[in-house]
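Read the structure below first, then the notes.
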Amino acid sequence: MAKMNLLQAINSALDVAMAKNDKVSVFGEDVGHFGGVFRATSGLQEKYGRNRCFNTPLVEQGIIGFANGLAAQGSFPVAEIQFGDYIFPAFDQIVNETAKFRYRSGNEFNVGGLTIRTPYGGGIHGGHYHSQSPEAYFAHTPGLKIVIPRNPYQAKGLLLSAIFDPNPVLFMEPKRLYRAAVGEVPEDDYTIPLGKAEVVQEGTDVTVVGWGAQVEVIERAAELAAKDGVSVEIIDLRSILPWDADTVAKSVMKTGRAVVSQEAPHTMAFGSEVAATIQEQCFLYLESPVMRASGLDTPYPLAHEKEYFSDHLKTYEAIKRSLNY
Amino acid sequence: MAKMNLLQAINSALDVAMAKNDKVSVFGEDVGHFGGVFRATSGLQEKYGRNRCFNTPLVEQGIIGFANGLAAQGSFPVAEIQFGDYIFPAFDQIVNETAKFRYRSGNEFNVGGLTIRTPYGGGIHGGHYHSQSPEAYFAHTPGLKIVIPRNPYQAKGLLLSAIFDPNPVLFMEPKRLYRAAVGEVPEDDYTIPLGKAEVVQEGTDVTVVGWGAQVEVIERAAELAAKDGVSVEIIDLRSILPWDADTVAKSVMKTGRAVVSQEAPHTMAFGSEVAATIQEQCFLYLESPVMRASGLDTPYPLAHEKEYFSDHLKTYEAIKRSLNY
Amino acid sequence: MVSPREKAMAKQMAKDPQKTAVTTTLEVIPANALDIPMFQVLKEDGTVHKGAKLPDINKELALKMFSTMQFIRVLDERMIAAQRQGRISFYLSSLGEEAAAIGSAAALQFEDMIMGQYREQGALAFRGFTIEQFMNQLFSNAKDLGKGRQMPVHYGCAALNFMTISSPLGTQIPQATGYAFGQKQSGEKTCTLCYFGEGAASEGDFHAGLNMAAVYKVPVIFFCRNNGYAISTPASEQFAGDGIAPRATGYGMKAIRVDGNDIFAVYAATQEARRLAVEENEPVLIEAMSYRMAGHSTSDDPTGYRTREEEDARRVREPMVRFRNWLLKKGWITEEEADAQQQSHKETVLAALKEAETVPVPALEEIIVDVYDTPTQALQEQLESLKAHIKKYPDAYPKTSGGVK
Amino acid sequence: MVSPREKAMAKQMAKDPQKTAVTTTLEVIPANALDIPMFQVLKEDGTVHKGAKLPDINKELALKMFSTMQFIRVLDERMIAAQRQGRISFYLSSLGEEAAAIGSAAALQFEDMIMGQYREQGALAFRGFTIEQFMNQLFSNAKDLGKGRQMPVHYGCAALNFMTISSPLGTQIPQATGYAFGQKQSGEKTCTLCYFGEGAASEGDFHAGLNMAAVYKVPVIFFCRNNGYAISTPASEQFAGDGIAPRATGYGMKAIRVDGNDIFAVYAATQEARRLAVEENEPVLIEAMSYRMAGHSTSDDPTGYRTREEEDARRVREPMVRFRNWLLKKGWITEEEADAQQQSHKETVLAALKEAETVPVPALEEIIVDVYDTPTQALQEQLESLKAHIKKYPDAYPKTSGGVK
Ligand SMILES: Cc1ncc(C[n+]2csc(CCOP(=O)(O)OP(=O)(O)O)c2C)c(N)n1
Ligand SMILES: Cc1ncc(C[n+]2csc(CCOP(=O)(O)OP(=O)(O)O)c2C)c(N)n1
Ligand SMILES: [Mg+2]
Ligand SMILES: [Mg+2]
């Protein structure tokens, strides 16, 4: 065990994966010698050489197209997209190619070795294009897995699972926590299963669902609620696709109430799927509608970031709305 | 009035718009002399010249990038993407640029004149890449409008609204109905408001929500239900973004039950947003959960298209599940 | 006018000391600064240009290439007819471009990966894809390697190192760069050949794939079939430059322009490109000039956008007669043998068609297979309710209800 | 070796009869088939190359260009310091590249549209963006034309025909083609100038924008600032070709390579490009060779990826001293005047900074404005609940709670 922040945990996962299997390579804009703009790939080029850790030209559609080909060839590419906001030029390669590669070929070919890493989320004064939480854009895509860790321990274990999972994985890292989240992380290899949610805190009155950096926000909201005597069960989805509806449904059947708290704009955020599914599976147990605390339906603003953000207070208010319905 | 199929109605809308305002131009792959692979732009180059109706090189990101610039300059570009399945290379230009152009500039600039037309949907033996219904991918994008007509009359009226609406509009055309849907259409200019749903059929027992080609499927399901003595209220959303939650909520408060029927894969389809919103707004009125009839969570298959499709029988079964809950 | 020191500084600035000189007069580089000729060995009549060097092709190989050409032409003709008869939903012919696909595939090693666009059935046939395999794909039946999931002509075969075709244009170009990167890293002396049309070369993915290949120096051959059209769009509305070949220079990549209707020229060019790719890690762009003699696909009618005269003018340059004439003159085949071979292909194709038609669609269970390596719980549930549904309405799903227990 | 008829046929095939000749020997076009020199007027020491022609620039214009250069350098320096002091969150300097932006902007007409990447503050200042306008944007305050929505340096001003900057790289390139198409269609004799870095030129949007411009022959100037780096990535890992200029030939477009640190060369090149664009509808690609003397932005530390020696070697070529020396020698300015001007810029900048800091953030209501032309009902509801929320927790939203009634 060692104390690591989230970035160091990512770096450690990459290091373990590259040491373990020489068909693992990492690349992206500035990830080579420089180690990435957040330094997640720091030291890897020195250790594993320019053939396994390298810069790409500035072209996201090329990075993922290249990675798809490399994965099809039998490698385990770990491609970095510098910011989640810049993943959209690669949307076609991800949604039409990566996700459909195995199915369309009848499993003659697959890109299961592919992992795409990208930082996401706000709260860092990044405005429109350094703050988005684009997970919902990808969640409508059968064939893809989407994973989001909330702390260093998860980051390393989930990333190691993602890299060697026989399916392509979009791994989204909460950049607000890169240095802020610090915790004990095993130095060796370990994995955390994909597709399984985690009950972060048990409770009896209301289930609050979140993922990634938002879990911390929910924890703060739960503390406020606790002062009112409300017992909150917190669930961290960890995987957005496929997602663990069972764990959420089980919890909601117990508490009778559900809230989703999410960073992205309200309409068609992943919370919509959670709410739609939960109301279906738990209809007779629900004492109030599934509530959603979300970002506003606007592009991500800079000066009004605080106001835009679905913070702990808005989440707390959603919990209260759920309870007082 | 004249009898037109859906393609002719589109063509007529373009003709009216181009005649009315010489800053309207239409372009895309093969839309020039040839008139588009579906012939939606047939005759327009002859009539308005190569400067206002023209072929583009084969590059969707370029078509929309170009269209964004042309719209910013003050024109009304109507850009065609040959198939909805091929819109993804333009995802960045649409989601990061088109949708945010006005907001990010504080309204110094806007691309409100832009309309993007694209055929969508299955049922034509098109397999993976000529069948997708990608509306949900775009519905998470504040700043964009998304419109889907279900018949020739709507197609013309909504398209004319879209072209001159001061906001960018993604206009998705149900290609299965291009020639199959025929109806009376005014030859002149007329508009249908964006953002407003239409109650296609009034009923008292259950509200079924759909859009585009799926409305016809719902009508068939409603006929089956009618034979069981069930009175179905059918709502055609017409606009996916912004969408008319009020009309749906009002209906569900009356019927107490809701079903969404949609072509796209189940998870994170637009029905998820409808279900999430309706359970919130109509919680105390709902006698059963909002049900969804959707495509399977797989890429769009060819040989098993019939089995994959959320047809009238599956919609009918969803109605029954809703009633017998 | 410029001091040596100035020159040296300028060179340093451009990163590559060999490259930039200073000029003190404003020079506008003209729009067509490069002049790239087209390599040709066989004249239209099948005779060899004086002084031209034939590639080293023995009789066996030459006859295999020719037989494949004849086979593909028969297949294309037959399947267009089958589509017209409503027996398959879609087809796409390679009429007039057989030499480009077959000549290039013949110059590769079997271990080299081929990534196609969709009009390179000749390359696949040359690799050994059987007529049964073609037919099973075209009929989307239970024996299709692709499990009936994609439209006709979206072939693929891992055993033959032929990547499954995908409809979105250009996507395979950066993928080829990535595949070749893996080949180079693994140390095997193989390469990737990537086909695409001059239309697809307009996509952003083309730019991405070629630039990355030049930077990483991977063993990839980009093989552009410039057949003059992208559906109805003529090359003149696709680009203003002198075709696709000069773009290579923009990426610092080698290029060859070849007559795509001359199978020997294509073979020789690809052989040299392969040598450069595999032995010198130099990616190469080949532009093969040809003409799409058929409509774009069975959904297309070219009379809407080009004239019979134009088609006739191009027909005289077509690749098969040219090759056949050479073979006849060479004495490697007789008229009778060639005709008999074609007749035999016809019979094979027809028999296989009839057979494939009778094979049922893939089992319903396949609908959720291969989305992930193993079906998720949600997919299994979706399959179960689909089965229950089909059991309830067996007549509505006639192709699969029989198999649902 | 090739008959005239052959030649004619080959020409016809390539669509443009002027272009393709036949060769019967296999010619591999080398990776760097083009040799594009760099245009320079002023030597490093500010003297004019023997025989070089100075552009027609009068004293007033020259002094405006110089003053803008000095202003931008002061602004950049001051705002980097302000960022270090925590007064603004982010800044991005154009140190060393001032001549490229200012020299090119000066060669345009005011009505021409400028679309920037983010390092062309010099062009904007030349157009007349005031120091107050700069500061209001940098402080995201209520007076910012962009309403405080984007990060610092994302300027934009309709009145000055300067398109609002957007972070995603390369997106403005096809947009510039579209904008110029509209200009051409409207018959006004204007053009669009589009700036981007050599890094952004790797994006698919670059390919799209340039190819379309060449096909449509629109009045657009693509101005590539090749400053050797994209954040930490050196040009040598960005592309293998000889810079960006040769790519123009691939699109059938004219090109000029110019010393971006020589303001006269930049001015002359842009003036000629504008003439070609507006009068001959010929899009032009200009590649301006320069060096990013600062870090990429205040978030970057270049010592992690390049040496002091390299930076020092480039510093001697920097554009401002060169221009200043020329002005001094010419007698259009004295040392004292130049210094005084710089001092005065410093005071203006500091005063404006202090002023902008005191302006509050935009009103809360602005948060939903401009998503659409008018706020939707859903947005109005979201604003109402946001207001109610802030009223409940005013301390948590100190910047806006005062304004919520
Ligand atoms: C991304 C994308 N856009 C559009 C299409 C529709 N489409 C299919 S083939 C084609 C023309 C391709 O022309 P070219 O690349 O020259 O190949 P050719 O058909 O001439 O062999 C088009 C536009 C597509 N398949 N993918
Ligand atoms: C689509 C996209 N990908 C990545 C980034 C992150 N990014 C910002 S600036 C930059 C480097 C740009 O280099 P260049 O175009 O050469 O311009 P320069 O900074 O040198 O002026 C990168 C990678 C971005 N803004 N947009
Ligand atoms: Mg073609
Ligand atoms: Mg740069």
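Letters A, B, ... go to the chains of the structure tokens in the order shown; residues in each chain start at 1; ligands are counted from 1 in the same order.
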
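The list of chain B residues within 7 Å of chain C is Asp30, Phe34, Asn55, Pro57, Leu58, Val59, Tyr86, Gly126, Gly127, His128, Tyr129, Leu296, Asp297, Thr298, Pro301, Leu302, Ala303, His304, Lys306 and Glu307 of chain B; this uses only C-alpha atoms.
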
Within 9 Å of chain B: residues of chain A, using only C-alpha atoms, as an MDAnalysis selection string: chainID A and resid 61 85:93 95:96 99:100 103:104 128:129 136:143 264:277 279:284 288:292 297:299 301

Write the residues of the preceding selection, restricted to C-alpha atoms, as an mmCIF file, in the first residue's frame.
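Listing of again13.cif after writing:
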```cif
data_model
loop_
_atom_site.group_PDB
_atom_site.id
_atom_site.type_symbol
_atom_site.label_atom_id
_atom_site.label_comp_id
_atom_site.auth_asym_id
_atom_site.auth_seq_id
_atom_site.Cartn_x
_atom_site.Cartn_y
_atom_site.Cartn_z
ATOM 1 C CA GLN A 61 -10.269 10.755 -34.904
ATOM 2 C CA ASP A 85 -14.497 17.802 -24.473
ATOM 3 C CA TYR A 86 -12.226 16.870 -27.385
ATOM 4 C CA ILE A 87 -13.447 13.321 -27.815
ATOM 5 C CA PHE A 88 -16.178 14.276 -30.290
ATOM 6 C CA PRO A 89 -14.011 14.277 -33.444
ATOM 7 C CA ALA A 90 -13.504 10.592 -32.580
ATOM 8 C CA PHE A 91 -17.217 9.948 -32.115
ATOM 9 C CA ASP A 92 -17.582 8.116 -35.399
ATOM 10 C CA GLN A 93 -14.592 5.876 -34.767
ATOM 11 C CA VAL A 95 -19.651 4.683 -31.983
ATOM 12 C CA ASN A 96 -19.638 3.273 -35.509
ATOM 13 C CA ALA A 99 -18.501 -0.499 -30.599
ATOM 14 C CA LYS A 100 -19.603 -2.501 -33.630
ATOM 15 C CA TYR A 103 -20.690 -7.749 -33.863
ATOM 16 C CA ARG A 104 -20.514 -6.713 -37.483
ATOM 17 C CA HIS A 128 -17.268 25.271 -22.164
ATOM 18 C CA TYR A 129 -14.457 23.071 -23.352
ATOM 19 C CA ALA A 136 -24.332 10.041 -21.653
ATOM 20 C CA TYR A 137 -23.393 10.667 -25.293
ATOM 21 C CA PHE A 138 -21.712 7.272 -25.363
ATOM 22 C CA ALA A 139 -24.139 5.330 -23.181
ATOM 23 C CA HIS A 140 -26.537 4.718 -26.095
ATOM 24 C CA THR A 141 -23.915 2.507 -27.753
ATOM 25 C CA PRO A 142 -24.145 -1.272 -27.393
ATOM 26 C CA GLY A 143 -20.708 -2.855 -27.608
ATOM 27 C CA ALA A 264 -24.046 16.870 -17.044
ATOM 28 C CA PRO A 265 -26.916 18.953 -18.426
ATOM 29 C CA HIS A 266 -30.264 17.624 -17.266
ATOM 30 C CA THR A 267 -31.889 16.492 -20.489
ATOM 31 C CA MET A 268 -30.754 13.035 -21.645
ATOM 32 C CA ALA A 269 -28.035 12.789 -19.023
ATOM 33 C CA PHE A 270 -27.419 9.281 -17.787
ATOM 34 C CA GLY A 271 -29.719 9.942 -14.849
ATOM 35 C CA SER A 272 -32.598 9.797 -17.323
ATOM 36 C CA GLU A 273 -31.850 6.134 -17.967
ATOM 37 C CA VAL A 274 -31.469 5.448 -14.261
ATOM 38 C CA ALA A 275 -34.792 7.138 -13.511
ATOM 39 C CA ALA A 276 -36.576 5.444 -16.411
ATOM 40 C CA THR A 277 -35.340 2.013 -15.390
ATOM 41 C CA GLN A 279 -39.438 3.676 -11.999
ATOM 42 C CA GLU A 280 -40.086 0.598 -14.101
ATOM 43 C CA GLN A 281 -38.409 -1.917 -11.822
ATOM 44 C CA CYS A 282 -39.451 -0.378 -8.493
ATOM 45 C CA PHE A 283 -42.791 1.168 -9.335
ATOM 46 C CA LEU A 284 -44.696 -0.354 -6.476
ATOM 47 C CA SER A 288 -41.952 9.624 -4.615
ATOM 48 C CA PRO A 289 -40.668 10.035 -8.158
ATOM 49 C CA VAL A 290 -37.031 9.478 -8.934
ATOM 50 C CA MET A 291 -35.508 12.949 -8.591
ATOM 51 C CA ARG A 292 -32.605 14.267 -10.610
ATOM 52 C CA ASP A 297 -29.571 22.664 -19.913
ATOM 53 C CA THR A 298 -26.955 25.111 -21.197
ATOM 54 C CA PRO A 299 -23.389 24.791 -22.405
ATOM 55 C CA PRO A 301 -20.473 28.413 -18.421
#
```

At a cut-off of 7 Å, can you tabulate as JSON lines every residue of chain C near chain D together with its closest atom pair and the distance in Å to one decimal, using only C-alpha atoms and ordering rows by chain then number?
```
{"residue": "C:Met1", "atom": "CA", "partner": "D:Lys50", "partner_atom": "CA", "distance": 5.8}
{"residue": "C:Lys15", "atom": "CA", "partner": "D:Ser236", "partner_atom": "CA", "distance": 6.8}
{"residue": "C:Lys19", "atom": "CA", "partner": "D:Asp242", "partner_atom": "CA", "distance": 6.7}
{"residue": "C:Thr20", "atom": "CA", "partner": "D:Pro37", "partner_atom": "CA", "distance": 5.4}
{"residue": "C:Ala21", "atom": "CA", "partner": "D:Pro37", "partner_atom": "CA", "distance": 4.7}
{"residue": "C:Val22", "atom": "CA", "partner": "D:Met38", "partner_atom": "CA", "distance": 4.7}
{"residue": "C:Thr23", "atom": "CA", "partner": "D:Phe39", "partner_atom": "CA", "distance": 4.8}
{"residue": "C:Thr24", "atom": "CA", "partner": "D:Gln40", "partner_atom": "CA", "distance": 5.2}
{"residue": "C:Thr25", "atom": "CA", "partner": "D:Ala52", "partner_atom": "CA", "distance": 6.4}
{"residue": "C:Leu26", "atom": "CA", "partner": "D:Phe39", "partner_atom": "CA", "distance": 5.9}
{"residue": "C:Glu27", "atom": "CA", "partner": "D:Ile256", "partner_atom": "CA", "distance": 6.6}
{"residue": "C:Val28", "atom": "CA", "partner": "D:Ile256", "partner_atom": "CA", "distance": 5.2}
{"residue": "C:Ile29", "atom": "CA", "partner": "D:Ala255", "partner_atom": "CA", "distance": 5.0}
{"residue": "C:Pro30", "atom": "CA", "partner": "D:Lys254", "partner_atom": "CA", "distance": 5.0}
{"residue": "C:Ala31", "atom": "CA", "partner": "D:Met253", "partner_atom": "CA", "distance": 4.2}
{"residue": "C:Asn32", "atom": "CA", "partner": "D:Gly252", "partner_atom": "CA", "distance": 5.5}
{"residue": "C:Ala33", "atom": "CA", "partner": "D:Thr249", "partner_atom": "CA", "distance": 6.1}
{"residue": "C:Ile36", "atom": "CA", "partner": "D:Thr20", "partner_atom": "CA", "distance": 6.7}
{"residue": "C:Pro37", "atom": "CA", "partner": "D:Ala21", "partner_atom": "CA", "distance": 4.7}
{"residue": "C:Met38", "atom": "CA", "partner": "D:Val22", "partner_atom": "CA", "distance": 4.7}
{"residue": "C:Phe39", "atom": "CA", "partner": "D:Thr23", "partner_atom": "CA", "distance": 4.8}
{"residue": "C:Gln40", "atom": "CA", "partner": "D:Thr24", "partner_atom": "CA", "distance": 5.2}
{"residue": "C:Val41", "atom": "CA", "partner": "D:Thr24", "partner_atom": "CA", "distance": 5.8}
{"residue": "C:His49", "atom": "CA", "partner": "D:Met1", "partner_atom": "CA", "distance": 6.5}
{"residue": "C:Lys50", "atom": "CA", "partner": "D:Met1", "partner_atom": "CA", "distance": 5.8}
{"residue": "C:Ala52", "atom": "CA", "partner": "D:Thr24", "partner_atom": "CA", "distance": 5.3}
{"residue": "C:Ser202", "atom": "CA", "partner": "D:Ala208", "partner_atom": "CA", "distance": 6.8}
{"residue": "C:Glu203", "atom": "CA", "partner": "D:Ala208", "partner_atom": "CA", "distance": 7.0}
{"residue": "C:Gly204", "atom": "CA", "partner": "D:Gly204", "partner_atom": "CA", "distance": 3.8}
{"residue": "C:Asp205", "atom": "CA", "partner": "D:Gly204", "partner_atom": "CA", "distance": 6.4}
{"residue": "C:His207", "atom": "CA", "partner": "D:Gly204", "partner_atom": "CA", "distance": 6.0}
{"residue": "C:Ala208", "atom": "CA", "partner": "D:Gly204", "partner_atom": "CA", "distance": 6.3}
{"residue": "C:Asn211", "atom": "CA", "partner": "D:Phe239", "partner_atom": "CA", "distance": 6.2}
{"residue": "C:Ala214", "atom": "CA", "partner": "D:Ala240", "partner_atom": "CA", "distance": 5.7}
{"residue": "C:Val215", "atom": "CA", "partner": "D:Ala240", "partner_atom": "CA", "distance": 5.0}
{"residue": "C:Ser236", "atom": "CA", "partner": "D:Lys15", "partner_atom": "CA", "distance": 6.8}
{"residue": "C:Glu237", "atom": "CA", "partner": "D:Val215", "partner_atom": "CA", "distance": 6.4}
{"residue": "C:Phe239", "atom": "CA", "partner": "D:Val215", "partner_atom": "CA", "distance": 5.5}
{"residue": "C:Ala240", "atom": "CA", "partner": "D:Val215", "partner_atom": "CA", "distance": 5.0}
{"residue": "C:Gly241", "atom": "CA", "partner": "D:Gly252", "partner_atom": "CA", "distance": 3.6}
{"residue": "C:Asp242", "atom": "CA", "partner": "D:Gly252", "partner_atom": "CA", "distance": 6.6}
{"residue": "C:Pro246", "atom": "CA", "partner": "D:Gly250", "partner_atom": "CA", "distance": 4.8}
{"residue": "C:Arg247", "atom": "CA", "partner": "D:Gly250", "partner_atom": "CA", "distance": 4.0}
{"residue": "C:Thr249", "atom": "CA", "partner": "D:Ala31", "partner_atom": "CA", "distance": 5.4}
{"residue": "C:Gly250", "atom": "CA", "partner": "D:Arg247", "partner_atom": "CA", "distance": 4.0}
{"residue": "C:Tyr251", "atom": "CA", "partner": "D:Gly241", "partner_atom": "CA", "distance": 4.5}
{"residue": "C:Gly252", "atom": "CA", "partner": "D:Gly241", "partner_atom": "CA", "distance": 3.6}
{"residue": "C:Met253", "atom": "CA", "partner": "D:Ala31", "partner_atom": "CA", "distance": 4.2}
{"residue": "C:Lys254", "atom": "CA", "partner": "D:Ala31", "partner_atom": "CA", "distance": 4.4}
{"residue": "C:Ala255", "atom": "CA", "partner": "D:Ile29", "partner_atom": "CA", "distance": 5.0}
{"residue": "C:Ile256", "atom": "CA", "partner": "D:Val28", "partner_atom": "CA", "distance": 5.2}
{"residue": "C:Ala269", "atom": "CA", "partner": "D:Leu26", "partner_atom": "CA", "distance": 6.9}
```

Need to verify the contact set: Gln82 in chain B, 8 Å, only C-alpha atoms, exclusion of same-chain residues closer than 3 positions in sequence. Can you return it as a PDB file with C-alpha atoms, in the first residue's frame?
```pdb
ATOM      1  CA  GLY B  28     -24.368  17.638 -49.452  1.00  0.00           C
ATOM      2  CA  GLU B  29     -23.042  14.473 -51.027  1.00  0.00           C
ATOM      3  CA  GLY B  36     -29.439  13.272 -53.805  1.00  0.00           C
ATOM      4  CA  VAL B  37     -29.441   9.502 -53.464  1.00  0.00           C
ATOM      5  CA  TYR B  86     -22.913   8.894 -41.375  1.00  0.00           C
ATOM      6  CA  THR B 118     -30.673  13.541 -42.653  1.00  0.00           C
ATOM      7  CA  PRO B 119     -32.649  10.355 -43.293  1.00  0.00           C
TER       8      PRO B 119
END
```

Helix (DSSP H, G or I) positions in range 116-315 of chain D, given as a ChimeraX atom specification: /D:121-127,131-138,158-160,172-186,200-202,204-216,235-237,246-251,263-280,302-304,308-315

Residue neighbourhood Ile124 in chain A, 10 Å, only C-alpha atoms, exclusion window fewer than 3 positions, as JSON, numbers by chain: {"A": [121, 127, 130, 131, 175, 176, 177, 302, 305], "D": [89]}

Store the residues of this selection in a file with C-alpha atoms, as a tab-separated table (two decimals), in the first residue's frame.
```
chain	number	residue	atom	x	y	z
A	121	GLY	CA	-15.96	17.04	-15.59
A	127	GLY	CA	-15.64	26.82	-19.11
A	130	HIS	CA	-12.60	21.81	-20.34
A	131	SER	CA	-15.57	20.84	-18.18
A	175	LYS	CA	-10.04	15.56	-13.47
A	176	ARG	CA	-11.22	17.66	-10.53
A	177	LEU	CA	-10.01	14.86	-8.27
A	302	LEU	CA	-17.38	29.93	-16.82
A	305	GLU	CA	-19.90	27.75	-12.93
D	89	SER	CA	-7.43	31.70	-14.03
```

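With only C-alpha atoms and all ligand atoms as the atoms that count, the minimum distance from ligand 4 to the choices D:Lys346, D:Glu337, D:Glu311, D:Arg292 is reached by D:Arg292.
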
Secondary structure check, strand (DSSP E) residues of range 148-204 of chain C, as a ChimeraX atom specification: /C:162-163,192-197

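Closest to Ile319 in chain B among B:Ala181, B:Glu233, B:Asn167, B:Leu6 is B:Glu233, based on only C-alpha atoms.
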
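One distance worth recording is that between CA of Gly103 in chain D and CA of Phe264 in chain D, which is 6.9 Å.
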
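With only C-alpha atoms and all ligand atoms as the atoms that count, the residue of C:Thr47, C:Asn58, C:Gln172, C:Thr192 with the shortest distance to ligand 1 is C:Gln172.
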
Test item: residues at most 12 Å from Ala101 in chain C, only C-alpha atoms, excluding those fewer than 6 positions along its chain, as a ChimeraX atom specification: /C:65,68-69,72,94-95,107-108,114-127,193-197,223-225,260-264,266-267,270,288-290,319

Contacts of Phe27 in chain A within 8 Å, only C-alpha atoms, excl. fewer than 6 positions in-chain, as an NGL selection string: :A and (52-56 or 77-80)

Next, write the just-selected residues to a file, as a compact mmCIF listing (two decimals), in the first residue's frame, keeping all heavy atoms as the atom set.
```txt
# COMPACT_ATOMS: atom_id res chain seq x y z
N ARG A 52 6.30 2.22 -27.07
CA ARG A 52 5.16 1.80 -26.26
C ARG A 52 4.51 2.96 -25.52
O ARG A 52 3.44 2.79 -24.92
CB ARG A 52 5.59 0.69 -25.30
CG ARG A 52 5.99 -0.59 -26.05
CD ARG A 52 6.30 -1.73 -25.12
NE ARG A 52 5.16 -2.00 -24.25
CZ ARG A 52 5.27 -2.58 -23.06
NH1 ARG A 52 6.47 -2.93 -22.60
NH2 ARG A 52 4.19 -2.80 -22.33
N CYS A 53 5.15 4.11 -25.55
CA CYS A 53 4.55 5.30 -24.93
C CYS A 53 4.95 6.48 -25.80
O CYS A 53 6.12 6.85 -25.83
CB CYS A 53 5.04 5.49 -23.50
SG CYS A 53 4.43 7.04 -22.76
N PHE A 54 4.01 7.04 -26.52
CA PHE A 54 4.42 8.03 -27.51
C PHE A 54 3.34 9.08 -27.78
O PHE A 54 2.15 8.87 -27.52
CB PHE A 54 4.83 7.34 -28.82
CG PHE A 54 3.81 6.36 -29.35
CD1 PHE A 54 2.85 6.77 -30.25
CD2 PHE A 54 3.83 5.02 -28.95
CE1 PHE A 54 1.92 5.86 -30.76
CE2 PHE A 54 2.90 4.11 -29.46
CZ PHE A 54 1.95 4.54 -30.37
N ASN A 55 3.83 10.21 -28.29
CA ASN A 55 2.96 11.30 -28.74
C ASN A 55 2.24 10.90 -30.02
O ASN A 55 2.80 10.19 -30.86
CB ASN A 55 3.79 12.54 -29.08
CG ASN A 55 4.31 13.22 -27.85
OD1 ASN A 55 3.76 13.07 -26.75
ND2 ASN A 55 5.39 13.98 -28.02
N THR A 56 1.05 11.44 -30.20
CA THR A 56 0.38 11.33 -31.49
C THR A 56 0.29 12.73 -32.08
O THR A 56 0.32 13.73 -31.36
CB THR A 56 -1.06 10.81 -31.34
OG1 THR A 56 -1.78 11.74 -30.52
CG2 THR A 56 -1.09 9.44 -30.72
N PRO A 77 -4.03 -1.32 -26.86
CA PRO A 77 -3.76 0.11 -26.86
C PRO A 77 -4.55 0.83 -25.76
O PRO A 77 -5.72 0.53 -25.53
CB PRO A 77 -4.23 0.56 -28.24
CG PRO A 77 -5.18 -0.49 -28.69
CD PRO A 77 -4.78 -1.77 -28.03
N VAL A 78 -3.87 1.75 -25.10
CA VAL A 78 -4.53 2.63 -24.13
C VAL A 78 -4.37 4.04 -24.68
O VAL A 78 -3.30 4.65 -24.58
CB VAL A 78 -3.90 2.51 -22.73
CG1 VAL A 78 -4.69 3.36 -21.73
CG2 VAL A 78 -3.86 1.06 -22.28
N ALA A 79 -5.41 4.52 -25.33
CA ALA A 79 -5.36 5.81 -26.02
C ALA A 79 -5.88 6.90 -25.11
O ALA A 79 -6.93 6.74 -24.48
CB ALA A 79 -6.20 5.75 -27.30
N GLU A 80 -5.15 7.99 -25.03
CA GLU A 80 -5.62 9.13 -24.22
C GLU A 80 -6.20 10.21 -25.12
O GLU A 80 -5.60 10.62 -26.11
CB GLU A 80 -4.46 9.71 -23.40
CG GLU A 80 -4.88 10.94 -22.59
CD GLU A 80 -3.78 11.53 -21.73
OE1 GLU A 80 -3.14 10.78 -20.97
OE2 GLU A 80 -3.54 12.76 -21.81
```

Shell around Val24 in chain A at 10 Å using only C-alpha atoms, local window under 2 positions removed, as a ChimeraX atom specification: /A:14-15,17-22,26,52-53,71,74-78,113-114,163-164

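Between ligand 2 and the candidates D:Thr374, D:Thr307, D:Gln271, D:Ser93, the tightest atom-to-atom separation, counting only C-alpha atoms and all ligand atoms, involves D:Ser93.
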